[in-house]
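**Student:** Just passing along the structure, written as structure tokens.
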Amino acid sequence: MRRAGRSEPKGSRALRSPLHGGPLAYAVLIAATVVFAFPFYWTLVAASRSNAELSSTTPALTPGPNLLHNLGEALEQAEIGRALLNSLLVSATVTAGVVLSSTLAGFAFAKLRFRGRGLLLAVTVATMMIPPQLGVIPLFMLIVRLDLQNTLPSVILPSLVSAFGVFFMRQYLVQALPDELVEAGRVDGASLLRIFRSIVLPVARPGMAVLGMLTFMATWNDFFWPVVALSSQNPTVQVALKSLGQGYVPDQSVVMAGALLGTLPVLLVFGVLGRQIVGGIMQGAVKG
Amino acid sequence: MALTSSARLPAAGPAPARTRRAGRLAPYGFLTPFFVLFAAFGLFPLLYTAYVSLHRVELQTTDRMDWFGLQNYTRLLADPFFWNALRNTFTIGVLSTVPQLLTALGLAHLLNYRLRGRTFFRVAMLLPYATSVAAATLVFAQLFGRDYGLVNWVLGELGLGPVDWQAGTWSSQLGVSAVVTWRWTGYNALIYLAGMQAIPGELYESTAVDGASKWQQFRHVTIPGLRPTIVFTVVVSTIGATQLFGEPLLYEGNAGGGISHQYQTLGLYLYEQGWTFFHLGRAAAVAWVMFLLIVVLALLNAAIAARRNRTDR
Amino acid sequence: MRRSAAVLGSTALAATLLLTACGGSAGSSGAAADGKVTITIDLFGTFGYKESGLYEEYTKLHPNITVKQTDTQDEGQYWQALQTKLAGGGGLADIQGLEVGRVASVLQKQADKFTDLKTLGLGAVNDELVPWKGAAAKTADGRILGAGTDIGPEAICFRTDLFKAAGLPTDRTELAARWSTWQGYLDLGRQYVAKATPGNVWTDSAAGMFTAEVGQQQVRYADESGKPVHESSPAVKTAWADAGRLVADGLSAKLPQWTPEWNKAFSTGKFATLSCPAWMLGYIKGQAGTAGAGTWDVAPGPGRTGNWGGSYLTVPRTAKHPKEAAELIRWLTAKEQQTTLFTKQGSFPSSTGAQAAIKDVTDPYFSNAPIGQIFSESAAAMPAQVLGVDDGVIGKAFTDALGEVERTGTAPDTAWKHALDNIRKANGS
């Protein structure tokens with residue numbers, strides 16, 4: 001599947017396909033793009049205006065002069081700067097943990113045979129269905145008891161592994177890693193860990209990259225648990241945005257500046273890696 | 001060292017007894033990091049929730065648990081607000097999922113054409129997905145403001161009266177659904193697109209030779225070929241809709257889900273029970289009911305899919 | 001091999017934990033090596049300390065202290081977050097504000113989570129206040145859990161420009177006479193709405209009027225024995241009926257208080273009057289901004305008295321700098337600072353000394369209204385309110401229900417039932 005995906009741009013189907021994009025297709029797609037992009041544009045407009053302008057009866061439709069002032073206010077009043085740093089730390093740590101633990105376990109599930117493999121895999125997959133809310137109450141009681149409330153480990157520890165990640169890496173390695181490669185390494189007398197390092201990891205890298213991107217975004221945007229575990233004193237971006245939305249700051253243009261600041265890093269990542277992320281999601285879809 | 005690696009690979013050779021034992025255990029070493037953390041932060045809370053739901057536990061005094069039997073559940077079922085939340089979860093689920101998936105299907109079809117700037121379109125579609133629930137909802141809450149919102153201004157320019165997007169039942173549910181739809185349509189379009197690209201081009205070719213129109217191709221080639229993908233997105237969206245929380249929480253910024261709880265979802269109801277009214281035991285009961293609901297929905301989905309497969313063959 | 005895989009895993013885990021531990025500790029504000037201390041203070045609404053420059057002044061007096069304030073506008077949200085933090089003991093500031101409607105609840109349920117101010121040398125902190133203010137923060141066994149800040153004597157704020165445009169008098173004495181009762185207030189409102197530009201109405205919300213009117217009675221939601229009486233209390237019933245009349249006659253702008261839409265309406269002039277406890281003056285200044293100066297005025301309200309709100313400062317057990325926090329509290333609640341706060345922000349002092357000092361204060365922002373005199377008279381006539389454990393919850397349920405009446409057209413009787421349902425739900429019975 002991966003190979004097919006890679007050759008897709010000059011693939012046979014596209015050339016012979018009877019489906020050509022007419023002007024109508026472009027028109028609809030451009031309209032859709034405008035709809036998708038408008039809230040971003042409007043965030044910028046609102047974040048660069050004053051509160052009074054936002055409450056005028058004819059709303060502002062173009063950016064105004066107050067952007068820097070509002071960004072500064074958001075940074076100062078809602079701890080957005082601190083929140084950005086916290087989110088970065090949390091997302092990076094969680095991503096590292098998920099990718100590593102998932103690759104290890106995914107490899108074992110994909111290529112090793114051991115007692116209980118089917119059962120363990122089934123349990124893992126089954127838990128993907130469980131709503132995160134289900135664990136929130138005991139988790140909350142747990143971190144209260146561990147004295148971790150309002151600390152970053154309280155949001156990192158529960159997310160450090162992911163059933164989805166294990167399943168994802170397993171699916172990836174089943175197809176991407178030929179049995180012969182592993183076998184050859186074993187015949188050469190390499191230890192399993194060595195095989196993992198020098199044979200599995202290089203092959204797994206593209207899959208790890210996709211999983212990493214997805215995990216990073218999901219963690220950056222995670223909402224329910226951080227809202228419960230953290231407070232506005234030591235927030236992640238989403239917690240800070242929630243405080244903004246609940247009237248932490250009276251000025252709506254500052255609220256919008258906060259939303260802008262919280263979204264910007266992800267947008268930047270998208271600007272650089274957009275194509276890869278799109279590819280990753282489409283790849284994951286066909287596998288899933 | 002040389003032979004410690006003999007896990008039971010496809011062609012495992014004979015090995016000394018000691019190293020063989022080590023080899024047998026090696027795969028578990030790979031699983032340990034995942035399962036240890038998973039047990040502590042995934043499995044344990046899950047089971048413990050059931051235990052908590054049988055007790056009276058208040059947020060202010062989490063170390064005190066009084067046996068409560070099934071009272072949390074019976075009170076839940078007797079609470080009109082619970083049924084209200086269940087109904088809202090369903091209607092908002094339909095309002096957000098159906099238009100979202102249909103639009104995604106249409107967009108995917110267009111994206112599957114040979115297009116200039118296709119990467120641009122794909123990335124643009126996916127941008128809302130990269131936005132967080134919190135940021136998106138804050139922005140939409142502004143757009144849907146009753147007195148100074150852009151949406152009502154546009155309606156006013158069109159000669160239509162302003163809509164109270166917060167207090168009305170349908171209007172507020174539509175507002176919340178709009179956030180969900182905006183965030184997830186592009187994502188689903190890409191998933192469908194991936195599915196469409198896996199459909200062999202020859203199928204289109206042969207139907208084209210048979211003189212089928214584009215619409216007929218879409219109906220008779222694309223849709224059947226996409227069926228597994230559609231089932232996948234329906235399942236994922238349904239689960240997502242059942243757990244809806246951030247959008248209704250931030251829409252007006254309170255856990256009540258509107259002035260008459262008119263858009264309070266189950267997720268929000270759980271949060272309100274636990275973190276506004278401080279009844280953790282009752283919140284745990286809500287969590288379990290939600291879980292059962294998802295299991296039922298998943299089984300239902302699976303049954304429908306299986307039945308359709310049978311009738312098709 | 002088994003070992004090496006485990007080592008790999010645990011190294012990664014250790015690395016991440018280390019990383020997160022660093023991240024976590026970066027968050028704690030502590031005494032730095034140079035002896036500098038940052039005191040955190042977490043408040044709701046507008047206390048006005050920051051706005052009137054009191055923190056800066058304090059830092060000038062104590063160069064080793066800096067004060068960092070966080071603030072949530074809606075007290076309901078603030079209370080909820082405070083409870084979660086109290087449950088886990090994490091994320092609390094050195095000083096936490098407390099609204100008067102929550103004091104009884106804290107005294108009864110969470111006294112152990114707060115420091116007895118006596119042990120921090122503040123045994124006399126409430127001695128100079130009006131007696132009921134200090135008594136409300138004292139436990140049965142004599143612990144002092146909160147230092148009184150302001151109280152909320154009531155008046156009516158009104159827009160002189162809008163009144164003139166609608167041909168209404170703007171003389172404070174005349175207005176006070178016209179709306180000496182709530183019926184008079186509604187009558188004048190009907191006159192106003194008949195002449196005002198369409199879309200411009202009499203007051204912001206039914207909730208505001210309801211809270212103000214209930215606040216004039218001694219017994220509101222609970223009686224002296226602590227028994228909840230909100231279902232039968234005449235105070236609640238009368239205020240509910242009057243608020244219903246307000247909505248029925250189209251006098252309400254239907255704005256939910258403490259929301260962005262409400263905030264914005266201050267600068268656009270959607271309503272002409274507002275039930276104004278003294279601390280609301282600071283809120284108006286914050287929302288209407290400099291552009292609003294001179295358009296607002298204050299007059300004695302119906303009944304010429306009432307108490308809405310007012311607050312306390314507390315030190316949670318988990319405070320990192322309890323001693324320094326206590327010193328700041330002593331200073332902030334002292335007579336001089338209470339006087340400054342009223343002059344600059346309108347928060348009415350609970351200190352009798354400060355009350356004597358502000359009698360002649362006028363406020364240029366509010367058309368030079370004699371706010372000292374107006375609020376002093378209102379405070380003098382104020383009943384010693386009976387505070388119930390669930391006052392905050394009950395008050396919110398009723399104001400929410402009034403929001404339903406005005407925003408969704410729910411019949412008042414149905415909304416009344418909803419309010420009672422919500423109170424039952426919150427109390428878990």
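Residue numbers start at 1 in each chain; chains themselves are named A, B, ... in the order of the structure tokens; ligands are numbered from 1 in the order shown.
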Taking the DSSP assignment computed from this structure's backbone, write out as a PDB file with N, CA and C atoms, in the first residue's frame all residues of range 209-338 of chain C that belong to strand (DSSP E or B).

**Tutor:**
```pdb
ATOM      1  N   ALA C 222     -31.678  31.294  53.036  1.00  0.00           N
ATOM      2  CA  ALA C 222     -31.642  30.419  54.210  1.00  0.00           C
ATOM      3  C   ALA C 222     -32.014  31.265  55.428  1.00  0.00           C
ATOM      4  N   PRO C 228     -32.725  25.943  54.389  1.00  0.00           N
ATOM      5  CA  PRO C 228     -32.989  26.626  53.126  1.00  0.00           C
ATOM      6  C   PRO C 228     -34.462  27.038  53.025  1.00  0.00           C
ATOM      7  N   SER C 252     -35.985  44.568  29.422  1.00  0.00           N
ATOM      8  CA  SER C 252     -34.677  43.953  29.616  1.00  0.00           C
ATOM      9  C   SER C 252     -33.954  43.760  28.288  1.00  0.00           C
ATOM     10  N   PHE C 271     -28.487  49.494  27.023  1.00  0.00           N
ATOM     11  CA  PHE C 271     -29.410  49.681  28.144  1.00  0.00           C
ATOM     12  C   PHE C 271     -29.089  50.968  28.884  1.00  0.00           C
ATOM     13  N   ALA C 272     -30.082  51.501  29.589  1.00  0.00           N
ATOM     14  CA  ALA C 272     -29.928  52.827  30.167  1.00  0.00           C
ATOM     15  C   ALA C 272     -29.668  52.800  31.665  1.00  0.00           C
ATOM     16  N   THR C 273     -30.061  51.717  32.341  1.00  0.00           N
ATOM     17  CA  THR C 273     -29.822  51.638  33.784  1.00  0.00           C
ATOM     18  C   THR C 273     -29.238  50.286  34.143  1.00  0.00           C
ATOM     19  N   LEU C 274     -28.637  50.246  35.317  1.00  0.00           N
ATOM     20  CA  LEU C 274     -28.016  49.009  35.774  1.00  0.00           C
ATOM     21  C   LEU C 274     -28.065  48.998  37.292  1.00  0.00           C
ATOM     22  N   SER C 275     -28.503  47.885  37.864  1.00  0.00           N
ATOM     23  CA  SER C 275     -28.453  47.763  39.317  1.00  0.00           C
ATOM     24  C   SER C 275     -26.996  47.736  39.732  1.00  0.00           C
ATOM     25  N   CYS C 276     -26.630  48.673  40.561  1.00  0.00           N
ATOM     26  CA  CYS C 276     -25.222  48.932  40.818  1.00  0.00           C
ATOM     27  C   CYS C 276     -24.834  48.765  42.278  1.00  0.00           C
ATOM     28  N   PRO C 277     -24.326  47.597  42.666  1.00  0.00           N
ATOM     29  CA  PRO C 277     -23.594  47.570  43.925  1.00  0.00           C
ATOM     30  C   PRO C 277     -22.315  48.391  43.726  1.00  0.00           C
ATOM     31  N   TRP C 296     -22.165  58.225  32.312  1.00  0.00           N
ATOM     32  CA  TRP C 296     -22.850  57.507  33.382  1.00  0.00           C
ATOM     33  C   TRP C 296     -23.049  58.401  34.604  1.00  0.00           C
ATOM     34  N   ASP C 297     -24.028  58.028  35.429  1.00  0.00           N
ATOM     35  CA  ASP C 297     -24.300  58.741  36.668  1.00  0.00           C
ATOM     36  C   ASP C 297     -24.840  57.717  37.670  1.00  0.00           C
ATOM     37  N   VAL C 298     -24.879  58.089  38.931  1.00  0.00           N
ATOM     38  CA  VAL C 298     -25.369  57.181  39.965  1.00  0.00           C
ATOM     39  C   VAL C 298     -26.430  57.883  40.801  1.00  0.00           C
ATOM     40  N   ALA C 299     -27.516  57.176  41.090  1.00  0.00           N
ATOM     41  CA  ALA C 299     -28.547  57.738  41.973  1.00  0.00           C
ATOM     42  C   ALA C 299     -28.974  56.673  42.971  1.00  0.00           C
ATOM     43  N   ASN C 307     -27.623  44.893  49.874  1.00  0.00           N
ATOM     44  CA  ASN C 307     -26.234  44.467  49.745  1.00  0.00           C
ATOM     45  C   ASN C 307     -26.122  43.378  48.687  1.00  0.00           C
ATOM     46  N   TRP C 308     -25.239  43.598  47.759  1.00  0.00           N
ATOM     47  CA  TRP C 308     -24.976  42.614  46.710  1.00  0.00           C
ATOM     48  C   TRP C 308     -23.472  42.388  46.703  1.00  0.00           C
ATOM     49  N   GLY C 309     -23.092  41.207  47.169  1.00  0.00           N
ATOM     50  CA  GLY C 309     -21.683  40.836  47.073  1.00  0.00           C
ATOM     51  C   GLY C 309     -20.815  41.463  48.145  1.00  0.00           C
ATOM     52  N   GLY C 310     -19.579  41.603  47.817  1.00  0.00           N
ATOM     53  CA  GLY C 310     -18.572  41.953  48.805  1.00  0.00           C
ATOM     54  C   GLY C 310     -17.721  40.715  49.031  1.00  0.00           C
ATOM     55  N   SER C 311     -16.503  40.907  49.486  1.00  0.00           N
ATOM     56  CA  SER C 311     -15.581  39.777  49.445  1.00  0.00           C
ATOM     57  C   SER C 311     -14.671  39.687  50.651  1.00  0.00           C
ATOM     58  N   TYR C 312     -13.896  38.597  50.622  1.00  0.00           N
ATOM     59  CA  TYR C 312     -12.881  38.336  51.641  1.00  0.00           C
ATOM     60  C   TYR C 312     -11.593  37.908  50.957  1.00  0.00           C
ATOM     61  N   LEU C 313     -10.499  38.080  51.659  1.00  0.00           N
ATOM     62  CA  LEU C 313      -9.236  37.508  51.201  1.00  0.00           C
ATOM     63  C   LEU C 313      -8.843  36.396  52.164  1.00  0.00           C
ATOM     64  N   THR C 314      -8.391  35.268  51.591  1.00  0.00           N
ATOM     65  CA  THR C 314      -8.041  34.122  52.424  1.00  0.00           C
ATOM     66  C   THR C 314      -6.631  33.640  52.079  1.00  0.00           C
ATOM     67  N   PRO C 316      -4.884  30.035  51.639  1.00  0.00           N
ATOM     68  CA  PRO C 316      -5.038  28.578  51.667  1.00  0.00           C
ATOM     69  C   PRO C 316      -3.889  27.927  52.440  1.00  0.00           C
TER      70      PRO C 316
END
```

**Student:** Using only C-alpha atoms, which protein or nucleic acid residues come within 9 Å of Gly121 in chain C? Drop anything in the same chain fewer than 4 positions from it, and give the result as a JSON list (two decimals) with C-alpha atoms, in the first residue's frame.

**Tutor:**
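Generated file (result07.json):
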```
[["chain", "number", "residue", "atom", "x", "y", "z"],
["C", 117, "LEU", "CA", -5.41, 34.28, 60.05],
["C", 125, "VAL", "CA", -7.80, 42.14, 60.95],
["C", 323, "LYS", "CA", 3.62, 35.17, 56.18],
["C", 326, "ALA", "CA", -0.74, 37.86, 55.46],
["C", 327, "GLU", "CA", 1.23, 41.08, 55.48]]
```

**Student:** Please, what distance in Å, to one decimal, runs between CA of Lys264 in chain C and CA of Ala46 in chain A?

**Tutor:**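 Taking CA of Lys264 in chain C and CA of Ala46 in chain A, their separation equals 13.8 Å.
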
**Student:** Grab the CA of Lys344 in chain C to CA of Glu53 in chain A distance for me, in Å with one decimal place.

**Tutor:**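 Separation of CA of Lys344 in chain C and CA of Glu53 in chain A: 26.6 Å.
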
**Student:** Give me, please, the distance in Å between CA of Thr62 in chain B and CA of Trp275 in chain B, quoted to one decimal.

**Tutor:** 12.4 Å

**Student:** Write out as a ChimeraX atom specification the residues lying within 7 Å of Ala229 in chain A, counting only C-alpha atoms and excluding same-chain residues fewer than 6 positions away.

**Tutor:** /A:140,149-150,154-155

**Student:** Would you put the residues from that selection into a file with C-alpha atoms, as an mmCIF file, in the first residue's frame?

**Tutor:**
```
data_model
loop_
_atom_site.group_PDB
_atom_site.id
_atom_site.type_symbol
_atom_site.label_atom_id
_atom_site.label_comp_id
_atom_site.auth_asym_id
_atom_site.auth_seq_id
_atom_site.Cartn_x
_atom_site.Cartn_y
_atom_site.Cartn_z
ATOM 1 C CA PHE A 140 -8.010 12.746 39.001
ATOM 2 C CA GLN A 149 -2.292 18.222 40.432
ATOM 3 C CA ASN A 150 -1.403 21.265 38.386
ATOM 4 C CA SER A 154 -0.127 14.925 35.521
ATOM 5 C CA VAL A 155 -0.912 15.455 31.847
#
```

**Student:** Which residues of chain B come within 7 Å of chain C, and what is each one's closest atom pair and distance in Å (one decimal), counting only C-alpha atoms, sorted by chain and residue number, as a Markdown table?

**Tutor:**
```
| residue | atom | partner | partner_atom | distance |
| --- | --- | --- | --- | --- |
| B:Thr4 | CA | C:Met1 | CA | 6.3 |
| B:Ser5 | CA | C:Met1 | CA | 6.7 |
| B:Ala22 | CA | C:Arg2 | CA | 6.7 |
| B:Leu25 | CA | C:Arg2 | CA | 6.4 |
| B:Ala26 | CA | C:Arg2 | CA | 4.6 |
| B:Gly29 | CA | C:Arg2 | CA | 4.9 |
| B:Phe30 | CA | C:Ala5 | CA | 5.8 |
| B:Thr32 | CA | C:Ala6 | CA | 6.8 |
| B:Pro33 | CA | C:Gly9 | CA | 5.4 |
| B:Leu59 | CA | C:Ala87 | CA | 6.0 |
| B:Gln60 | CA | C:Ala87 | CA | 4.7 |
| B:Thr61 | CA | C:Ala87 | CA | 6.6 |
| B:Ala167 | CA | C:Arg407 | CA | 5.9 |
| B:Gly168 | CA | C:Thr408 | CA | 6.3 |
| B:Ile259 | CA | C:Glu404 | CA | 5.8 |
| B:Ser260 | CA | C:Glu404 | CA | 6.3 |
| B:Trp275 | CA | C:Gln80 | CA | 6.8 |
| B:Thr276 | CA | C:Gln80 | CA | 5.7 |
| B:Phe277 | CA | C:Ala426 | CA | 5.2 |
```

**Student:** With distances taken over only C-alpha atoms, which of A:Ser91, A:Gln238, A:Gln252, A:Asn221 is nearest to Ser159 in chain A?

**Tutor:** A:Ser91

**Student:** When distances are computed from only C-alpha atoms, which of B:Thr137, B:Asn84, B:Thr97, B:Ser237 shows the smallest separation from Phe40 in chain A?

**Tutor:**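 Between B:Thr137, B:Asn84, B:Thr97, B:Ser237, the residue approaching Phe40 in chain A most closely is B:Thr137.
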
**Student:** If you run DSSP over the backbone, which residues in range 128-189 of chain B end up helix (DSSP H, G or I)? Put them as a ChimeraX atom specification.

**Tutor:** /B:128-130,133-143,150-157,169-189

**Student:** For the selection just defined, write its residues with N, CA and C atoms to a file, as a tab-separated table (two decimals), in the first residue's frame.

**Tutor:**
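Printed below is result_1.tsv as written:
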```tsv
chain	number	residue	atom	x	y	z
B	128	PRO	N	-8.38	23.17	9.36
B	128	PRO	CA	-9.24	23.23	10.56
B	128	PRO	C	-8.98	22.09	11.53
B	129	TYR	N	-8.60	20.93	10.99
B	129	TYR	CA	-8.31	19.78	11.83
B	129	TYR	C	-7.13	20.06	12.75
B	130	ALA	N	-6.21	20.91	12.26
B	130	ALA	CA	-5.04	21.24	13.07
B	130	ALA	C	-5.37	22.23	14.18
B	133	VAL	N	-9.87	22.38	19.53
B	133	VAL	CA	-11.27	22.58	19.87
B	133	VAL	C	-11.45	23.94	20.54
B	134	ALA	N	-10.54	24.25	21.44
B	134	ALA	CA	-10.69	25.47	22.21
B	134	ALA	C	-10.62	26.70	21.32
B	135	ALA	N	-9.58	26.77	20.48
B	135	ALA	CA	-9.42	27.93	19.62
B	135	ALA	C	-10.60	28.05	18.67
B	136	ALA	N	-10.96	26.93	18.04
B	136	ALA	CA	-12.05	26.96	17.07
B	136	ALA	C	-13.35	27.42	17.72
B	137	THR	N	-13.63	26.90	18.90
B	137	THR	CA	-14.90	27.25	19.54
B	137	THR	C	-14.93	28.71	19.95
B	138	LEU	N	-13.81	29.22	20.44
B	138	LEU	CA	-13.77	30.64	20.82
B	138	LEU	C	-14.10	31.51	19.62
B	139	VAL	N	-13.52	31.16	18.47
B	139	VAL	CA	-13.75	31.96	17.27
B	139	VAL	C	-15.21	31.85	16.82
B	140	PHE	N	-15.73	30.64	16.81
B	140	PHE	CA	-17.11	30.47	16.36
B	140	PHE	C	-18.10	31.12	17.33
B	141	ALA	N	-17.78	31.07	18.61
B	141	ALA	CA	-18.66	31.72	19.58
B	141	ALA	C	-18.78	33.21	19.27
B	142	GLN	N	-17.67	33.81	18.84
B	142	GLN	CA	-17.70	35.21	18.42
B	142	GLN	C	-18.55	35.40	17.19
B	143	LEU	N	-18.32	34.53	16.19
B	143	LEU	CA	-19.06	34.66	14.94
B	143	LEU	C	-20.56	34.54	15.17
B	150	LEU	N	-20.85	38.18	13.57
B	150	LEU	CA	-20.78	38.36	12.12
B	150	LEU	C	-21.92	37.63	11.41
B	151	VAL	N	-22.26	36.44	11.90
B	151	VAL	CA	-23.29	35.66	11.24
B	151	VAL	C	-24.62	36.42	11.25
B	152	ASN	N	-24.96	36.97	12.40
B	152	ASN	CA	-26.21	37.72	12.48
B	152	ASN	C	-26.16	39.00	11.66
B	153	TRP	N	-24.97	39.57	11.53
B	153	TRP	CA	-24.83	40.76	10.70
B	153	TRP	C	-25.13	40.42	9.24
B	154	VAL	N	-24.54	39.28	8.79
B	154	VAL	CA	-24.79	38.84	7.42
B	154	VAL	C	-26.27	38.56	7.22
B	155	LEU	N	-26.88	37.89	8.18
B	155	LEU	CA	-28.32	37.62	8.09
B	155	LEU	C	-29.09	38.94	8.00
B	156	GLY	N	-28.65	39.92	8.78
B	156	GLY	CA	-29.31	41.22	8.77
B	156	GLY	C	-29.18	41.89	7.41
B	157	GLU	N	-27.99	41.80	6.80
B	157	GLU	CA	-27.79	42.38	5.48
B	157	GLU	C	-28.68	41.71	4.44
B	169	THR	N	-32.94	26.43	21.13
B	169	THR	CA	-32.51	25.03	21.19
B	169	THR	C	-31.83	24.63	19.89
B	170	TRP	N	-32.58	24.76	18.79
B	170	TRP	CA	-32.01	24.32	17.52
B	170	TRP	C	-30.86	25.20	17.09
B	171	SER	N	-31.04	26.50	17.27
B	171	SER	CA	-30.00	27.42	16.80
B	171	SER	C	-28.69	27.17	17.54
B	172	SER	N	-28.76	26.96	18.86
B	172	SER	CA	-27.52	26.75	19.60
B	172	SER	C	-26.90	25.40	19.24
B	173	GLN	N	-27.75	24.40	19.03
B	173	GLN	CA	-27.20	23.10	18.63
B	173	GLN	C	-26.55	23.18	17.26
B	174	LEU	N	-27.16	23.99	16.38
B	174	LEU	CA	-26.54	24.19	15.07
B	174	LEU	C	-25.19	24.88	15.21
B	175	GLY	N	-25.14	25.86	16.11
B	175	GLY	CA	-23.88	26.58	16.33
B	175	GLY	C	-22.79	25.64	16.79
B	176	VAL	N	-23.11	24.80	17.75
B	176	VAL	CA	-22.12	23.85	18.25
B	176	VAL	C	-21.72	22.87	17.14
B	177	SER	N	-22.72	22.41	16.38
B	177	SER	CA	-22.44	21.47	15.30
B	177	SER	C	-21.54	22.10	14.24
B	178	ALA	N	-21.73	23.40	14.04
B	178	ALA	CA	-20.92	24.08	13.02
B	178	ALA	C	-19.44	23.97	13.35
B	179	VAL	N	-19.11	24.08	14.63
B	179	VAL	CA	-17.70	23.97	15.02
B	179	VAL	C	-17.18	22.58	14.67
B	180	VAL	N	-17.96	21.57	15.04
B	180	VAL	CA	-17.54	20.18	14.77
B	180	VAL	C	-17.39	19.96	13.28
B	181	THR	N	-18.39	20.39	12.53
B	181	THR	CA	-18.37	20.18	11.08
B	181	THR	C	-17.18	20.87	10.45
B	182	TRP	N	-16.94	22.09	10.86
B	182	TRP	CA	-15.81	22.84	10.30
B	182	TRP	C	-14.49	22.12	10.56
B	183	ARG	N	-14.34	21.61	11.77
B	183	ARG	CA	-13.06	21.00	12.12
B	183	ARG	C	-12.82	19.67	11.42
B	184	TRP	N	-13.86	18.90	11.18
B	184	TRP	CA	-13.64	17.52	10.77
B	184	TRP	C	-13.95	17.21	9.31
B	185	THR	N	-14.63	18.12	8.60
B	185	THR	CA	-15.00	17.81	7.22
B	185	THR	C	-13.78	17.53	6.35
B	186	GLY	N	-12.78	18.40	6.43
B	186	GLY	CA	-11.60	18.23	5.59
B	186	GLY	C	-10.87	16.92	5.88
B	187	TYR	N	-10.77	16.62	7.16
B	187	TYR	CA	-10.11	15.38	7.56
B	187	TYR	C	-10.81	14.18	6.93
B	188	ASN	N	-12.13	14.15	7.05
B	188	ASN	CA	-12.86	13.03	6.48
B	188	ASN	C	-12.77	13.00	4.96
B	189	ALA	N	-12.71	14.19	4.35
B	189	ALA	CA	-12.56	14.24	2.90
B	189	ALA	C	-11.27	13.54	2.48
```
